[in-house]
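Heads up: the structure comes next, in structure tokens.
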Amino acid sequence: MTWEINLFNAMHGIVGQSSLFDFFIVLAAQYLPYAVVVAALFFFFTRKPARMRLWTLFVVTLTIILSRGIVTELIRFFYSRSRPHIALGFDPLVQASTSSFPSGHAVLFFALASVIYVFDKGWGRWFWGFAVVNTLARIVAGVHWPTDIVGGLIVAIISFYVIRALTKKYAPKNSTPASDLPLAPEIQQET
């Protein structure tokens, strides 16, 4: 797709202009995920009451297993896409292997952000922001095409709603979330 190559080249073309900028891209693309995991653990283990903590952790675990562990791997099994640095022949700022579609980072972090947003909008906005920063940095770093990120976002959102629908009737009575994702406001937790 010509438009995607042009968009990728525009985003990746800013690499090499400043070593400080490249440092921040590497930080966001490769090391931000560690901070996100620590923040997620803090979020889960500070939830009150303990029953809500376990429920939130249960929902996010199922969502990640479905989205990243099953759907992403099935897509990659049937459709293998070369990463931009391989297809265009350059050295990326960070290393990545396997198929690029859908982005595993996008799937994981958008799934995590979706669940957290439902239970706490304030924290959820931060996690959505982290997911956007990480995935855009991975495009700029040269390891993902823009549609890899969009595909990851779609897989994460659909997986979240599947898990949400399957687990809704088992939710603890006091687990009313702050709100739902703005993408599908018709799915609301009964109080």
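Identifiers in this document derive from the order of the structure tokens: chains are assigned A, B, ..., residues are numbered from 1 separately in each chain, and ligands are numbered from 1 in order of occurrence.
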Write out as a list in words each polymer residue whose atoms come within 10 Å of A:Gly124, counting only C-alpha atoms; drop sequence neighbours fewer than 3 positions from it.
Leu112, Ala113, Ser114, Val115, Ile116, Tyr117, Val118, Phe119, Asp120, Lys121, Phe127, Trp128, Gly129, Phe130 and Leu181 of chain A
Residues from the last selection, N, CA and C atoms, saved as a PDB file, in the first residue's frame:
ATOM      1  N   LEU A 112      -5.022  -3.995  27.896  1.00  0.00           N
ATOM      2  CA  LEU A 112      -4.839  -3.581  29.290  1.00  0.00           C
ATOM      3  C   LEU A 112      -5.523  -2.241  29.543  1.00  0.00           C
ATOM      4  N   ALA A 113      -5.329  -1.286  28.659  1.00  0.00           N
ATOM      5  CA  ALA A 113      -5.927   0.041  28.820  1.00  0.00           C
ATOM      6  C   ALA A 113      -7.452  -0.028  28.773  1.00  0.00           C
ATOM      7  N   SER A 114      -8.000  -0.878  27.928  1.00  0.00           N
ATOM      8  CA  SER A 114      -9.453  -1.013  27.831  1.00  0.00           C
ATOM      9  C   SER A 114     -10.059  -1.478  29.139  1.00  0.00           C
ATOM     10  N   VAL A 115      -9.476  -2.503  29.720  1.00  0.00           N
ATOM     11  CA  VAL A 115      -9.996  -3.029  30.984  1.00  0.00           C
ATOM     12  C   VAL A 115      -9.854  -1.996  32.095  1.00  0.00           C
ATOM     13  N   ILE A 116      -8.700  -1.400  32.199  1.00  0.00           N
ATOM     14  CA  ILE A 116      -8.480  -0.423  33.265  1.00  0.00           C
ATOM     15  C   ILE A 116      -9.413   0.770  33.105  1.00  0.00           C
ATOM     16  N   TYR A 117      -9.646   1.211  31.874  1.00  0.00           N
ATOM     17  CA  TYR A 117     -10.534   2.342  31.636  1.00  0.00           C
ATOM     18  C   TYR A 117     -11.948   2.066  32.146  1.00  0.00           C
ATOM     19  N   VAL A 118     -12.410   0.848  31.966  1.00  0.00           N
ATOM     20  CA  VAL A 118     -13.762   0.501  32.402  1.00  0.00           C
ATOM     21  C   VAL A 118     -13.883   0.580  33.926  1.00  0.00           C
ATOM     22  N   PHE A 119     -12.839   0.175  34.625  1.00  0.00           N
ATOM     23  CA  PHE A 119     -12.902   0.161  36.085  1.00  0.00           C
ATOM     24  C   PHE A 119     -12.489   1.485  36.718  1.00  0.00           C
ATOM     25  N   ASP A 120     -11.687   2.279  36.009  1.00  0.00           N
ATOM     26  CA  ASP A 120     -11.253   3.563  36.552  1.00  0.00           C
ATOM     27  C   ASP A 120     -10.843   4.457  35.382  1.00  0.00           C
ATOM     28  N   LYS A 121     -11.706   5.425  35.060  1.00  0.00           N
ATOM     29  CA  LYS A 121     -11.460   6.274  33.886  1.00  0.00           C
ATOM     30  C   LYS A 121     -10.148   7.053  33.992  1.00  0.00           C
ATOM     31  N   PHE A 127      -3.304   4.840  30.841  1.00  0.00           N
ATOM     32  CA  PHE A 127      -2.887   3.621  30.150  1.00  0.00           C
ATOM     33  C   PHE A 127      -3.146   3.707  28.646  1.00  0.00           C
ATOM     34  N   TRP A 128      -4.227   4.373  28.235  1.00  0.00           N
ATOM     35  CA  TRP A 128      -4.447   4.609  26.807  1.00  0.00           C
ATOM     36  C   TRP A 128      -3.333   5.489  26.258  1.00  0.00           C
ATOM     37  N   GLY A 129      -2.950   6.497  27.018  1.00  0.00           N
ATOM     38  CA  GLY A 129      -1.846   7.364  26.593  1.00  0.00           C
ATOM     39  C   GLY A 129      -0.543   6.600  26.452  1.00  0.00           C
ATOM     40  N   PHE A 130      -0.244   5.742  27.433  1.00  0.00           N
ATOM     41  CA  PHE A 130       0.972   4.915  27.363  1.00  0.00           C
ATOM     42  C   PHE A 130       0.939   4.024  26.129  1.00  0.00           C
ATOM     43  N   LEU A 181     -16.123   1.938  27.788  1.00  0.00           N
ATOM     44  CA  LEU A 181     -15.353   2.564  26.726  1.00  0.00           C
ATOM     45  C   LEU A 181     -16.278   3.399  25.850  1.00  0.00           C
TER      46      LEU A 181
END
Would you give me, as CSV, each residue of stretch 62-82 of chain A having an atom within 12 Å of an atom of stretch 163-172 of chain A, along with its shortest atom pair and that distance in Å to one decimal, using only C-alpha atoms and sorting by chain and residue number?
residue,atom,partner,partner_atom,distance
A:Leu62,CA,A:Ile163,CA,6.8
A:Thr63,CA,A:Ile163,CA,6.0
A:Ile64,CA,A:Ile163,CA,9.7
A:Ile65,CA,A:Ile163,CA,10.1
A:Leu66,CA,A:Ile163,CA,8.1
A:Ser67,CA,A:Ile163,CA,9.8
Give me the residues within 9 Å of A:Arg68 as a PyMOL selection string, counting only C-alpha atoms and dropping any in the same chain fewer than 3 places off.
chain A and resi 63-65+71-73+104-105+107-108+111+152+155-156
Run DSSP on the backbone and tell me which residues of stretch 74-148 of chain A come out as helix (DSSP H, G or I); list them as a VMD selection string.
chain A and resid 74 to 78 84 to 88 104 to 119 121 to 141 146 to 148
Write out, as a PDB file, in the first residue's frame, the residues just selected, with C-alpha atoms.
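Written file, part_34.pdb:
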ATOM      1  CA  LEU A  74      -3.702 -17.237  15.056  1.00  0.00           C
ATOM      2  CA  ILE A  75      -3.486 -14.221  12.755  1.00  0.00           C
ATOM      3  CA  ARG A  76       0.309 -14.516  12.619  1.00  0.00           C
ATOM      4  CA  PHE A  77       0.060 -18.254  11.900  1.00  0.00           C
ATOM      5  CA  PHE A  78      -2.084 -17.637   8.831  1.00  0.00           C
ATOM      6  CA  PRO A  84       9.372  -2.444   7.811  1.00  0.00           C
ATOM      7  CA  HIS A  85      13.096  -2.645   8.527  1.00  0.00           C
ATOM      8  CA  ILE A  86      13.235  -6.017   6.796  1.00  0.00           C
ATOM      9  CA  ALA A  87      11.020  -5.023   3.848  1.00  0.00           C
ATOM     10  CA  LEU A  88      12.805  -1.704   3.277  1.00  0.00           C
ATOM     11  CA  GLY A 104       1.775  -7.588  19.876  1.00  0.00           C
ATOM     12  CA  HIS A 105       2.617  -4.476  21.882  1.00  0.00           C
ATOM     13  CA  ALA A 106      -0.501  -2.710  20.586  1.00  0.00           C
ATOM     14  CA  VAL A 107      -2.689  -5.707  21.360  1.00  0.00           C
ATOM     15  CA  LEU A 108      -1.306  -6.110  24.866  1.00  0.00           C
ATOM     16  CA  PHE A 109      -1.327  -2.465  25.903  1.00  0.00           C
ATOM     17  CA  PHE A 110      -4.651  -1.509  24.315  1.00  0.00           C
ATOM     18  CA  ALA A 111      -6.288  -4.569  25.923  1.00  0.00           C
ATOM     19  CA  LEU A 112      -4.839  -3.581  29.290  1.00  0.00           C
ATOM     20  CA  ALA A 113      -5.927   0.041  28.820  1.00  0.00           C
ATOM     21  CA  SER A 114      -9.453  -1.013  27.831  1.00  0.00           C
ATOM     22  CA  VAL A 115      -9.996  -3.029  30.984  1.00  0.00           C
ATOM     23  CA  ILE A 116      -8.480  -0.423  33.265  1.00  0.00           C
ATOM     24  CA  TYR A 117     -10.534   2.342  31.636  1.00  0.00           C
ATOM     25  CA  VAL A 118     -13.762   0.501  32.402  1.00  0.00           C
ATOM     26  CA  PHE A 119     -12.902   0.161  36.085  1.00  0.00           C
ATOM     27  CA  LYS A 121     -11.460   6.274  33.886  1.00  0.00           C
ATOM     28  CA  GLY A 122      -8.605   8.333  35.359  1.00  0.00           C
ATOM     29  CA  TRP A 123      -6.125   5.478  35.366  1.00  0.00           C
ATOM     30  CA  GLY A 124      -7.533   4.248  32.064  1.00  0.00           C
ATOM     31  CA  ARG A 125      -6.716   7.497  30.296  1.00  0.00           C
ATOM     32  CA  TRP A 126      -3.105   7.199  31.416  1.00  0.00           C
ATOM     33  CA  PHE A 127      -2.887   3.621  30.150  1.00  0.00           C
ATOM     34  CA  TRP A 128      -4.447   4.609  26.807  1.00  0.00           C
ATOM     35  CA  GLY A 129      -1.846   7.364  26.593  1.00  0.00           C
ATOM     36  CA  PHE A 130       0.972   4.915  27.363  1.00  0.00           C
ATOM     37  CA  ALA A 131      -0.354   2.543  24.691  1.00  0.00           C
ATOM     38  CA  VAL A 132      -0.483   5.303  22.070  1.00  0.00           C
ATOM     39  CA  VAL A 133       3.024   6.572  22.917  1.00  0.00           C
ATOM     40  CA  ASN A 134       4.515   3.062  22.838  1.00  0.00           C
ATOM     41  CA  THR A 135       2.886   2.024  19.589  1.00  0.00           C
ATOM     42  CA  LEU A 136       3.676   5.262  17.749  1.00  0.00           C
ATOM     43  CA  ALA A 137       7.281   4.988  18.951  1.00  0.00           C
ATOM     44  CA  ARG A 138       7.459   1.470  17.513  1.00  0.00           C
ATOM     45  CA  ILE A 139       6.444   2.837  14.107  1.00  0.00           C
ATOM     46  CA  VAL A 140       9.026   5.621  14.326  1.00  0.00           C
ATOM     47  CA  ALA A 141      11.658   3.102  15.500  1.00  0.00           C
ATOM     48  CA  PRO A 146       0.833   1.863  10.884  1.00  0.00           C
ATOM     49  CA  THR A 147      -1.752  -0.824  10.048  1.00  0.00           C
ATOM     50  CA  ASP A 148       0.002  -3.211  12.454  1.00  0.00           C
TER      51      ASP A 148
END
Between atom CA of A:Phe58 and atom CA of A:Ala29, distance in Å (one decimal)
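These two atoms are separated by 27.0 Å.
Rounded to one decimal, atom CA of A:Arg81 and atom CA of A:Ala35 lie 28.5 Å from each other.
The gap separating atom CA of A:Val60 from atom CA of A:Phe43 is 11.8 Å, in Å to one decimal.
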